[in-house]
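Undergrad: So here's my_file_4.cif, just mmCIF, C-alpha atoms:
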data_data
loop_
_atom_site.label_atom_id
_atom_site.label_comp_id
_atom_site.auth_asym_id
_atom_site.auth_seq_id
_atom_site.Cartn_x
_atom_site.Cartn_y
_atom_site.Cartn_z
CA MET A 15 15.87 -62.00 -21.37
CA ARG A 16 14.73 -59.50 -18.83
CA SER A 17 12.87 -60.56 -15.78
CA SER A 18 9.34 -59.34 -15.41
CA GLY A 19 9.35 -58.28 -11.80
CA HIS A 20 9.26 -54.73 -10.55
CA GLY A 21 12.29 -52.80 -9.44
CA ASP A 22 14.19 -49.67 -10.14
CA GLY A 23 16.79 -51.57 -12.19
CA ALA A 24 19.38 -48.85 -11.62
CA GLU A 25 22.14 -51.23 -10.77
CA ASP A 26 21.31 -53.24 -13.89
CA ASP A 27 21.48 -50.30 -16.28
CA PRO A 28 24.22 -51.22 -18.76
CA PHE A 29 24.89 -47.55 -19.46
CA GLU A 30 25.53 -46.81 -15.79
CA GLY A 31 28.05 -49.52 -15.04
CA GLY A 32 31.15 -47.41 -14.50
CA GLY A 33 34.10 -49.63 -15.26
CA ALA A 34 31.76 -52.35 -16.52
CA SER A 35 29.95 -50.04 -18.91
CA ILE A 36 28.55 -51.46 -22.13
CA LEU A 37 30.70 -48.85 -23.90
CA ARG A 38 33.91 -50.61 -22.80
CA GLN A 39 34.11 -53.20 -25.53
CA PRO A 40 36.96 -54.60 -27.66
CA LYS A 41 37.80 -53.01 -31.01
CA ALA A 42 36.50 -56.13 -32.75
CA VAL A 43 33.03 -55.50 -31.30
CA TRP A 44 33.00 -51.88 -32.44
CA ALA A 45 34.31 -52.78 -35.91
CA THR A 46 31.54 -55.36 -36.33
CA ALA A 47 28.88 -53.07 -34.85
CA GLY A 48 30.01 -50.20 -37.09
CA ALA A 49 29.78 -52.34 -40.18
CA SER A 50 26.35 -53.51 -38.96
CA VAL A 51 25.20 -49.89 -38.88
CA VAL A 52 26.08 -49.52 -42.55
CA ALA A 53 24.48 -52.89 -43.37
CA PHE A 54 21.19 -51.76 -41.81
CA MET A 55 21.52 -48.39 -43.51
CA GLY A 56 21.22 -50.27 -46.79
CA ILE A 57 17.66 -51.36 -45.90
CA GLY A 58 16.18 -47.88 -45.60
CA LEU A 59 18.62 -46.18 -47.95
CA VAL A 60 16.25 -46.28 -50.92
CA ASP A 61 13.20 -45.02 -48.99
CA PRO A 62 13.54 -41.30 -49.79
CA ILE A 63 14.57 -41.93 -53.39
CA LEU A 64 11.93 -44.47 -54.43
CA PRO A 65 9.91 -41.85 -56.37
CA SER A 66 13.17 -40.52 -57.90
CA ILE A 67 14.21 -44.02 -58.98
CA ALA A 68 10.77 -44.61 -60.50
CA LYS A 69 11.07 -41.37 -62.44
CA GLY A 70 14.70 -41.90 -63.46
CA LEU A 71 14.16 -45.45 -64.72
CA HIS A 72 10.61 -44.87 -66.04
CA ALA A 73 9.20 -47.51 -63.72
CA SER A 74 5.90 -47.90 -61.84
CA ASN A 75 5.60 -47.89 -58.05
CA SER A 76 5.09 -51.65 -57.94
CA GLN A 77 8.18 -52.22 -60.12
CA VAL A 78 10.36 -50.04 -57.89
CA SER A 79 9.01 -51.81 -54.79
CA LEU A 80 10.65 -54.96 -56.13
CA LEU A 81 13.92 -53.44 -54.88
CA PHE A 82 12.78 -54.52 -51.42
CA THR A 83 11.18 -57.77 -52.56
CA SER A 84 14.24 -59.15 -54.36
CA TYR A 85 16.49 -58.00 -51.51
CA PHE A 86 14.52 -59.71 -48.76
CA LEU A 87 13.51 -62.78 -50.76
CA ILE A 88 17.17 -63.63 -51.32
CA THR A 89 17.92 -62.70 -47.71
CA ALA A 90 15.28 -65.16 -46.49
CA VAL A 91 16.54 -68.06 -48.59
CA ALA A 92 20.16 -67.22 -47.75
CA MET A 93 19.40 -67.71 -44.06
CA LEU A 94 19.50 -71.45 -44.73
CA VAL A 95 23.00 -71.06 -46.14
CA THR A 96 24.69 -68.69 -43.70
CA GLY A 97 25.14 -71.20 -40.88
CA PHE A 98 26.31 -73.84 -43.35
CA VAL A 99 28.96 -71.44 -44.65
CA SER A 100 30.13 -69.89 -41.37
CA SER A 101 30.47 -73.25 -39.61
CA ARG A 102 32.89 -74.34 -42.34
CA ILE A 103 34.95 -71.26 -43.17
CA GLY A 104 34.57 -69.37 -39.89
CA SER A 105 32.60 -66.30 -38.92
CA ARG A 106 35.32 -63.79 -39.83
CA LYS A 107 35.59 -65.01 -43.40
CA THR A 108 31.80 -65.14 -43.66
CA LEU A 109 31.54 -61.51 -42.54
CA LEU A 110 34.17 -60.44 -45.03
CA ALA A 111 32.53 -62.40 -47.86
CA GLY A 112 29.20 -60.73 -47.09
CA LEU A 113 30.76 -57.28 -46.99
CA ALA A 114 32.59 -57.88 -50.27
CA LEU A 115 29.34 -58.90 -51.98
CA VAL A 116 27.57 -55.79 -50.67
CA VAL A 117 30.37 -53.54 -51.94
CA VAL A 118 30.21 -55.09 -55.41
CA PHE A 119 26.43 -55.16 -55.77
CA ALA A 120 25.84 -51.73 -54.21
CA ALA A 121 28.25 -50.26 -56.77
CA LEU A 122 26.56 -52.17 -59.58
CA SER A 123 23.16 -50.91 -58.35
CA GLY A 124 24.39 -47.37 -58.82
CA MET A 125 25.30 -48.17 -62.43
CA SER A 126 21.96 -49.79 -63.33
CA ARG A 127 20.41 -48.83 -66.66
CA SER A 128 16.99 -50.39 -66.06
CA VAL A 129 14.75 -51.25 -63.15
CA GLY A 130 15.27 -54.95 -63.94
CA GLN A 131 19.02 -54.59 -63.53
CA LEU A 132 18.58 -52.69 -60.28
CA VAL A 133 16.22 -55.33 -58.88
CA GLY A 134 18.73 -58.05 -59.79
CA PHE A 135 21.66 -56.23 -58.22
CA ARG A 136 19.62 -55.65 -55.05
CA ALA A 137 19.14 -59.42 -54.89
CA GLY A 138 22.91 -59.90 -54.88
CA TRP A 139 23.14 -57.19 -52.25
CA GLY A 140 20.61 -59.16 -50.17
CA LEU A 141 22.80 -62.27 -50.31
CA GLY A 142 25.80 -60.33 -49.04
CA ASN A 143 23.75 -58.67 -46.34
CA ALA A 144 22.36 -62.02 -45.19
CA LEU A 145 25.86 -63.47 -44.82
CA PHE A 146 26.96 -60.43 -42.85
CA VAL A 147 23.94 -59.66 -40.68
CA SER A 148 23.23 -63.25 -39.66
CA THR A 149 26.84 -63.72 -38.58
CA SER A 150 27.47 -60.33 -37.00
CA LEU A 151 25.22 -60.96 -33.98
CA ALA A 152 27.00 -64.23 -33.24
CA VAL A 153 30.36 -62.47 -33.53
CA ILE A 154 29.29 -59.70 -31.16
CA VAL A 155 27.98 -62.31 -28.71
CA GLY A 156 31.35 -64.04 -28.74
CA ALA A 157 33.47 -60.91 -28.49
CA ALA A 158 31.43 -58.61 -26.22
CA ASN A 159 32.45 -58.05 -22.62
CA PRO A 160 29.70 -58.90 -20.11
CA VAL A 161 28.30 -56.04 -18.03
CA GLY A 162 27.33 -56.11 -14.38
CA PRO A 163 28.51 -57.75 -11.17
CA ALA A 164 28.28 -61.25 -12.60
CA ARG A 165 28.21 -62.90 -15.98
CA GLY A 166 24.79 -64.26 -15.16
CA SER A 167 23.29 -60.81 -14.75
CA ARG A 168 20.65 -59.60 -17.14
CA THR A 169 23.26 -57.67 -19.10
CA GLY A 170 25.78 -60.47 -19.38
CA GLY A 171 26.65 -62.39 -22.53
CA SER A 172 24.07 -62.23 -25.28
CA ALA A 173 22.02 -59.53 -23.52
CA VAL A 174 24.91 -57.10 -24.04
CA ALA A 175 25.25 -58.24 -27.64
CA ILE A 176 21.55 -57.68 -28.27
CA LEU A 177 21.76 -54.14 -26.92
CA LEU A 178 24.74 -53.40 -29.17
CA TYR A 179 23.10 -55.12 -32.15
CA GLU A 180 19.81 -53.27 -31.70
CA SER A 181 21.75 -50.01 -31.29
CA ALA A 182 23.43 -50.69 -34.64
CA LEU A 183 20.08 -51.57 -36.20
CA GLY A 184 18.40 -48.43 -34.91
CA LEU A 185 21.27 -46.14 -35.88
CA GLY A 186 21.47 -47.73 -39.33
CA MET A 187 17.73 -47.48 -39.90
CA ALA A 188 17.84 -43.82 -38.84
CA CYS A 189 20.88 -42.83 -40.89
CA GLY A 190 20.01 -44.83 -44.02
CA PRO A 191 17.13 -42.59 -45.12
CA LEU A 192 19.17 -39.50 -44.20
CA LEU A 193 22.10 -40.61 -46.35
CA GLY A 194 19.70 -41.55 -49.12
CA ALA A 195 18.10 -38.11 -48.97
CA VAL A 196 21.35 -36.12 -48.92
CA LEU A 197 23.00 -38.05 -51.74
CA GLY A 198 19.80 -38.86 -53.60
CA ASP A 199 18.83 -35.21 -53.83
CA MET A 200 21.86 -34.77 -56.10
CA LYS A 201 21.30 -37.97 -58.08
CA TRP A 202 19.45 -41.16 -57.24
CA ARG A 203 22.54 -43.26 -58.05
CA TYR A 204 24.79 -41.64 -55.45
CA PRO A 205 23.37 -43.38 -52.32
CA PHE A 206 24.34 -46.74 -53.79
CA PHE A 207 27.91 -45.62 -54.42
CA GLY A 208 28.05 -44.10 -50.93
CA THR A 209 27.00 -47.40 -49.37
CA ALA A 210 29.67 -49.25 -51.35
CA VAL A 211 32.34 -46.91 -50.00
CA LEU A 212 31.14 -47.21 -46.39
CA MET A 213 30.97 -51.01 -46.59
CA ALA A 214 34.49 -51.06 -48.00
CA VAL A 215 35.59 -49.12 -44.89
CA GLY A 216 33.79 -51.72 -42.76
CA PHE A 217 35.60 -54.49 -44.65
CA LEU A 218 38.96 -52.90 -43.80
CA ALA A 219 38.00 -52.36 -40.14
CA ILE A 220 36.97 -55.99 -39.64
CA THR A 221 40.08 -57.19 -41.46
CA ALA A 222 42.21 -55.13 -39.08
CA PHE A 223 40.48 -55.66 -35.73
CA LEU A 224 38.56 -58.95 -35.77
CA LYS A 225 40.46 -62.16 -35.19
CA GLU A 226 39.03 -65.43 -36.43
CA GLN A 227 36.42 -66.78 -34.01
CA PRO A 228 36.45 -70.46 -32.98
CA LYS A 229 34.49 -72.67 -35.35
CA PRO A 230 31.58 -74.61 -33.81
CA ALA A 231 32.31 -78.18 -32.82
CA ARG A 232 29.52 -79.38 -35.09
CA LYS A 233 29.06 -78.14 -38.64
CA THR A 234 25.62 -76.78 -39.51
CA SER A 235 23.68 -78.48 -42.29
CA LEU A 236 21.41 -76.66 -44.72
CA LEU A 237 18.32 -78.17 -43.10
CA ASP A 238 19.22 -77.48 -39.45
CA PRO A 239 17.41 -74.10 -39.38
CA VAL A 240 14.27 -75.76 -40.78
CA ARG A 241 14.50 -78.56 -38.21
CA ALA A 242 14.88 -75.95 -35.46
CA LEU A 243 11.44 -74.62 -36.40
CA GLY A 244 10.01 -77.91 -35.18
CA HIS A 245 10.39 -76.43 -31.70
CA GLY A 246 6.98 -75.07 -30.71
CA GLY A 247 8.25 -71.91 -29.03
CA LEU A 248 10.54 -70.91 -31.89
CA ALA A 249 7.89 -71.72 -34.51
CA SER A 250 5.40 -69.53 -32.64
CA ALA A 251 7.88 -66.65 -32.39
CA ALA A 252 8.69 -66.95 -36.10
CA ALA A 253 5.02 -67.09 -37.11
CA SER A 254 4.18 -64.02 -35.06
CA ALA A 255 7.24 -62.19 -36.42
CA PHE A 256 6.16 -63.07 -39.98
CA PHE A 257 2.94 -61.08 -39.62
CA TYR A 258 4.67 -58.31 -37.69
CA ASN A 259 7.28 -57.92 -40.44
CA TYR A 260 4.54 -57.56 -43.03
CA ALA A 261 3.27 -54.54 -41.10
CA PHE A 262 6.81 -53.23 -40.49
CA PHE A 263 7.80 -53.28 -44.15
CA THR A 264 4.52 -51.85 -45.34
CA VAL A 265 5.54 -48.75 -43.39
CA LEU A 266 9.10 -48.83 -44.69
CA ALA A 267 8.47 -49.62 -48.36
CA PHE A 268 4.99 -48.29 -49.15
CA THR A 269 4.65 -45.14 -47.05
CA PRO A 270 7.18 -43.11 -49.13
CA PHE A 271 4.83 -43.35 -52.12
CA VAL A 272 1.89 -42.21 -50.00
CA LEU A 273 3.77 -39.28 -48.46
CA ASN A 274 5.07 -38.32 -51.94
CA MET A 275 7.64 -35.86 -50.60
CA SER A 276 11.01 -34.62 -51.83
CA PRO A 277 14.03 -36.79 -50.90
CA TYR A 278 15.05 -34.32 -48.17
CA ARG A 279 11.61 -34.20 -46.57
CA SER A 280 11.08 -37.94 -46.84
CA GLY A 281 14.57 -38.55 -45.47
CA GLY A 282 13.81 -36.27 -42.54
CA VAL A 283 10.61 -38.17 -41.73
CA PHE A 284 12.35 -41.54 -41.79
CA PHE A 285 15.33 -40.19 -39.88
CA ALA A 286 12.98 -39.19 -37.05
CA TRP A 287 11.32 -42.61 -37.41
CA GLY A 288 14.70 -44.31 -37.10
CA VAL A 289 15.72 -42.24 -34.08
CA LEU A 290 12.59 -43.36 -32.23
CA LEU A 291 13.27 -46.92 -33.34
CA ALA A 292 16.77 -46.77 -31.86
CA VAL A 293 15.75 -45.09 -28.60
CA PHE A 294 12.84 -47.43 -27.93
CA SER A 295 14.72 -50.60 -28.89
CA VAL A 296 17.79 -49.87 -26.76
CA LEU A 297 16.60 -47.69 -23.88
CA VAL A 298 12.85 -48.07 -23.48
CA ALA A 299 12.26 -51.75 -24.32
CA PRO A 300 14.52 -53.14 -21.52
CA ARG A 301 12.74 -51.03 -18.90
CA LEU A 302 9.26 -51.98 -20.10
CA GLN A 303 10.23 -55.65 -20.26
CA HIS A 304 11.63 -55.47 -16.74
CA ARG A 305 8.42 -53.92 -15.44
CA PHE A 306 5.67 -55.69 -17.38
CA GLY A 307 7.20 -58.82 -18.93
CA SER A 308 8.23 -59.29 -22.52
CA LEU A 309 5.11 -60.95 -23.87
CA LYS A 310 2.84 -58.22 -22.48
CA VAL A 311 5.08 -55.56 -24.02
CA LEU A 312 5.10 -57.38 -27.36
CA GLY A 313 1.35 -57.97 -27.50
CA GLY A 314 0.50 -54.43 -26.48
CA SER A 315 2.98 -52.91 -28.91
CA LEU A 316 1.59 -54.95 -31.81
CA VAL A 317 -1.97 -53.81 -31.08
CA LEU A 318 -0.83 -50.17 -30.86
CA LEU A 319 1.04 -50.57 -34.14
CA ALA A 320 -2.15 -51.83 -35.79
CA ALA A 321 -4.07 -48.80 -34.54
CA ASP A 322 -1.30 -46.49 -35.73
CA LEU A 323 -1.41 -48.01 -39.21
CA VAL A 324 -5.16 -47.54 -39.55
CA VAL A 325 -4.89 -43.88 -38.55
CA LEU A 326 -1.94 -43.49 -40.95
CA GLY A 327 -3.97 -44.90 -43.80
CA TYR A 328 -7.07 -42.78 -43.27
CA GLY A 329 -5.61 -39.58 -41.81
CA SER A 330 -4.54 -36.37 -43.47
CA HIS A 331 -1.07 -35.89 -44.93
CA THR A 332 0.18 -34.36 -41.67
CA THR A 333 -1.39 -37.18 -39.66
CA ALA A 334 0.30 -39.72 -41.94
CA ILE A 335 3.69 -38.09 -41.25
CA VAL A 336 3.11 -38.14 -37.48
CA CYS A 337 1.93 -41.77 -37.52
CA THR A 338 4.86 -42.84 -39.68
CA ILE A 339 7.33 -41.33 -37.20
CA ALA A 340 5.42 -42.73 -34.19
CA SER A 341 5.50 -46.23 -35.66
CA GLY A 342 9.27 -46.20 -35.20
CA ALA A 343 8.82 -46.35 -31.41
CA LEU A 344 6.55 -49.40 -31.62
CA ILE A 345 8.77 -51.11 -34.18
CA GLY A 346 11.77 -50.52 -31.91
CA LEU A 347 10.02 -52.24 -28.99
CA ASN A 348 9.01 -55.18 -31.16
CA ASN A 349 12.44 -55.65 -32.71
CA THR A 350 14.16 -56.01 -29.35
CA VAL A 351 11.63 -58.44 -27.89
CA TYR A 352 11.47 -60.59 -31.02
CA THR A 353 15.29 -60.79 -31.22
CA GLU A 354 15.58 -61.93 -27.61
CA LEU A 355 12.67 -64.32 -28.02
CA ALA A 356 14.27 -65.98 -31.05
CA LEU A 357 17.62 -66.32 -29.29
CA GLY A 358 16.29 -67.61 -25.99
CA VAL A 359 13.12 -69.64 -26.46
CA SER A 360 14.63 -72.63 -28.28
CA ASP A 361 17.11 -75.29 -27.22
CA ALA A 362 18.75 -75.14 -30.68
CA PRO A 363 22.17 -73.45 -31.01
CA ARG A 364 21.55 -69.73 -31.26
CA PRO A 365 22.92 -69.27 -34.81
CA VAL A 366 20.69 -72.13 -35.99
CA ALA A 367 17.61 -70.84 -34.15
CA SER A 368 18.24 -67.33 -35.47
CA ALA A 369 18.59 -68.61 -39.03
CA GLY A 370 15.32 -70.54 -38.86
CA TYR A 371 13.51 -67.59 -37.33
CA ASN A 372 14.86 -65.15 -39.91
CA PHE A 373 14.13 -67.57 -42.75
CA VAL A 374 10.42 -67.28 -41.90
CA ARG A 375 10.14 -63.60 -41.05
CA TRP A 376 12.09 -62.22 -44.03
CA PHE A 377 9.55 -63.73 -46.42
CA ALA A 378 7.04 -61.23 -45.05
CA ALA A 379 9.57 -58.44 -45.61
CA ALA A 380 9.75 -59.59 -49.23
CA ALA A 381 5.97 -59.86 -49.62
CA ALA A 382 4.88 -56.50 -48.16
CA PRO A 383 6.72 -54.19 -50.61
CA PHE A 384 5.29 -56.15 -53.55
CA LEU A 385 1.75 -56.63 -52.29
CA ALA A 386 1.08 -53.17 -50.83
CA PRO A 387 1.27 -51.30 -54.18
CA LYS A 388 -0.70 -54.09 -55.85
CA ILE A 389 -3.43 -53.87 -53.20
CA GLU A 390 -3.55 -50.12 -53.80
CA GLU A 391 -3.98 -50.73 -57.55
CA TRP A 392 -6.79 -53.23 -56.91
CA THR A 393 -8.58 -51.15 -54.25
CA ASP A 394 -7.45 -47.75 -52.97
CA VAL A 395 -4.60 -46.18 -51.00
CA HIS A 396 -6.18 -46.92 -47.60
CA ILE A 397 -6.53 -50.71 -47.83
CA PRO A 398 -2.79 -51.61 -47.79
CA PHE A 399 -2.59 -50.09 -44.32
CA VAL A 400 -5.71 -51.95 -43.19
CA VAL A 401 -4.13 -55.22 -44.35
CA ALA A 402 -0.90 -54.33 -42.53
CA ALA A 403 -2.86 -53.51 -39.37
CA ALA A 404 -4.64 -56.86 -39.59
CA ALA A 405 -1.26 -58.58 -39.91
CA ALA A 406 -0.03 -56.86 -36.73
CA VAL A 407 -3.16 -57.99 -34.88
CA ILE A 408 -2.63 -61.58 -36.07
CA GLY A 409 0.93 -61.38 -34.71
CA ALA A 410 -0.46 -60.28 -31.34
CA VAL A 411 -3.06 -63.06 -31.37
CA ILE A 412 -0.35 -65.67 -31.96
CA VAL A 413 1.58 -64.32 -28.97
CA ALA A 414 -1.55 -64.48 -26.82
CA VAL A 415 -2.63 -67.96 -27.95
CA ARG A 416 0.87 -69.41 -27.66
CA ARG A 417 1.70 -67.50 -24.48
CA ARG A 418 1.70 -70.57 -22.26
CA ALA A 419 3.96 -72.56 -24.59
CA LEU A 420 6.38 -69.65 -24.98
CA THR A 421 6.50 -69.03 -21.24
CA LEU A 422 6.84 -72.65 -20.16
CA GLU A 423 9.49 -73.49 -22.72
CA ALA A 424 11.45 -70.37 -21.81
CA GLU A 425 11.27 -71.33 -18.13
CA GLU A 426 12.56 -74.81 -18.91
CA LEU A 427 15.53 -73.34 -20.74
CA ALA A 428 16.27 -70.63 -18.17
CA PRO A 429 18.58 -72.68 -15.92
CA ALA A 430 20.68 -73.80 -18.90
CA HIS A 431 21.05 -70.27 -20.24
CA ALA A 432 21.22 -68.29 -17.02
CA THR A 433 24.90 -68.73 -16.28
CA GLU A 434 25.77 -68.24 -19.93
CA ASP A 435 23.88 -65.15 -20.98
CA GLY A 436 21.22 -64.17 -18.51
CA VAL A 437 18.24 -65.51 -20.46
CA THR A 438 15.23 -65.87 -18.15
CA VAL A 439 11.48 -66.16 -18.61
CA PHE A 440 9.51 -64.14 -21.15
CA ALA A 441 6.42 -63.29 -19.13
CA ASN A 442 5.18 -62.79 -15.56
#
How does this structure look as structure tokens?
TA:
Amino acid sequence: MRSSGHGDGAEDDPFEGGGASILRQPKAVWATAGASVVAFMGIGLVDPILPSIAKGLHASNSQVSLLFTSYFLITAVAMLVTGFVSSRIGSRKTLLAGLALVVVFAALSGMSRSVGQLVGFRAGWGLGNALFVSTSLAVIVGAANPVGPARGSRTGGSAVAILLYESALGLGMACGPLLGAVLGDMKWRYPFFGTAVLMAVGFLAITAFLKEQPKPARKTSLLDPVRALGHGGLASAAASAFFYNYAFFTVLAFTPFVLNMSPYRSGGVFFAWGVLLAVFSVLVAPRLQHRFGSLKVLGGSLVLLAADLVVLGYGSHTTAIVCTIASGALIGLNNTVYTELALGVSDAPRPVASAGYNFVRWFAAAAAPFLAPKIEEWTDVHIPFVVAAAAAVIGAVIVAVRRRALTLEAEELAPAHATEDGVTVFAN
């Protein structure tokens, strides 16, 4: 985690490290990161084509939104399984199994004849994505070269992996809607087939370049991620992330219906949104954390996101477009801080802590796409954004109320982590 003191940070910039640049990584890292890009593309892929899918399958908005709900509900539950599986068969085989499932279910999604079939196939896709995404960060952590004069620097170990992982997330979230728009403008089925092809390429790349990683000394049980949530700091981070993710996925899954644009125009909006997400998660977040401290950045960003959502809900169509794009910057900041918080605040093994954290937060990602259209049906189009804004504020309140526990527990863990991956305190 970044320190919160002031400083120019030039010598710590991972993109200015010369021979120790973050870009100088093994092929295994790039193969895994590249496949991660495609995996994250699958999340926003359907955004521009949601209205087209509804029209093509004669489904309502709330029925089509179940594409997100089934995907993330299975992803959440699968988080309890991923560590159990990878600790027994190894991370490489787990990655390949996840990729294979995505290839199969993405292709089946493109062949769906009803919205029920499509929702079911997206659930299978979510299982494959959970196996891949939850394991990919651990693989990148293990394979990435540290950056900086010492392994204990702020860009050593997992800090480098987080930058690479968040870069993949941002790029995938940006390119997913663009791919969905380009292919979906021809036919709504084509983005699913395109994803299957790209994931098959990722499967081949990982097969070729990634060697099997060492298995953990202790096998992970199905309940270990749940037990990890008994840690106060991790439970607080997960609870805050739960409410944040409700706001995040209201933007991602409900806004396309409100904007009601062609696939190309909607894809362009969410491409710009994803670009801001990538830039702010990888380039801006580290600098703000270094200057102000991570918890201040997180709390402030959540409050600004809430304000953005209210303006989005009540503004004109042009205002809604601007606010949707602007939310990408705030979401990028939040994603980076939450990822580092989940990895560093607990004394549990990082894969276990990450699984427990993701188990909680993905339930909100499943709930928002289902509830937002329902809330619109019960009230009006503005209220889903008010509810999402309230959720973001609750996330900020949890950070503020639990600030002392998060800070103290992070400080206690800092000496143990410092020489391994540069994790330090989370606030001033």
Undergrad: Work out how far apart atom CA of A:Leu318 and atom CA of A:Ile57 are and give it in Å to one decimal.
TA: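 Calculated distance between atom CA of A:Leu318 and atom CA of A:Ile57 is 23.9 Å.
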Undergrad: Go ahead and compute the interatomic distance for atom CA of A:Phe119 and atom CA of A:Pro365, in Å to one decimal.
TA: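 Separation between atom CA of A:Phe119 and atom CA of A:Pro365: 25.5 Å.
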Undergrad: Selection in question (the file shown): the PyMOL selection byres ((chain A and resi 207-224) around 10). Which residues does it include, as a VMD selection string?
TA: chain A and resid 40 to 53 55 to 56 59 105 to 107 109 to 125 153 157 190 193 to 194 197 202 to 206 225 to 227
Undergrad: Do you know which residues the PyMOL selection byres ((chain A and resi 292) around 9) returns on this file, as number ranges by chain?
TA: A: 180-188, 287-291, 293-297, 342-343, 346
Undergrad: With C-alpha atoms retained, write the just-selected residues as an mmCIF file, keeping the file's coordinate frame.
TA:
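What follows is the written file out-v8.cif:
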data_model
loop_
_atom_site.group_PDB
_atom_site.id
_atom_site.type_symbol
_atom_site.label_atom_id
_atom_site.label_comp_id
_atom_site.auth_asym_id
_atom_site.auth_seq_id
_atom_site.Cartn_x
_atom_site.Cartn_y
_atom_site.Cartn_z
ATOM 1 C CA GLU A 180 19.810 -53.270 -31.700
ATOM 2 C CA SER A 181 21.750 -50.010 -31.290
ATOM 3 C CA ALA A 182 23.430 -50.690 -34.640
ATOM 4 C CA LEU A 183 20.080 -51.570 -36.200
ATOM 5 C CA GLY A 184 18.400 -48.430 -34.910
ATOM 6 C CA LEU A 185 21.270 -46.140 -35.880
ATOM 7 C CA GLY A 186 21.470 -47.730 -39.330
ATOM 8 C CA MET A 187 17.730 -47.480 -39.900
ATOM 9 C CA ALA A 188 17.840 -43.820 -38.840
ATOM 10 C CA TRP A 287 11.320 -42.610 -37.410
ATOM 11 C CA GLY A 288 14.700 -44.310 -37.100
ATOM 12 C CA VAL A 289 15.720 -42.240 -34.080
ATOM 13 C CA LEU A 290 12.590 -43.360 -32.230
ATOM 14 C CA LEU A 291 13.270 -46.920 -33.340
ATOM 15 C CA VAL A 293 15.750 -45.090 -28.600
ATOM 16 C CA PHE A 294 12.840 -47.430 -27.930
ATOM 17 C CA SER A 295 14.720 -50.600 -28.890
ATOM 18 C CA VAL A 296 17.790 -49.870 -26.760
ATOM 19 C CA LEU A 297 16.600 -47.690 -23.880
ATOM 20 C CA GLY A 342 9.270 -46.200 -35.200
ATOM 21 C CA ALA A 343 8.820 -46.350 -31.410
ATOM 22 C CA GLY A 346 11.770 -50.520 -31.910
#
Undergrad: Nearest to A:Ala255: which of A:Ala369, A:Leu80, A:Leu273, A:Val374 is it, counting all atoms listed in the file?
TA: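 Closest residue, counting all atoms listed in the file: A:Val374.
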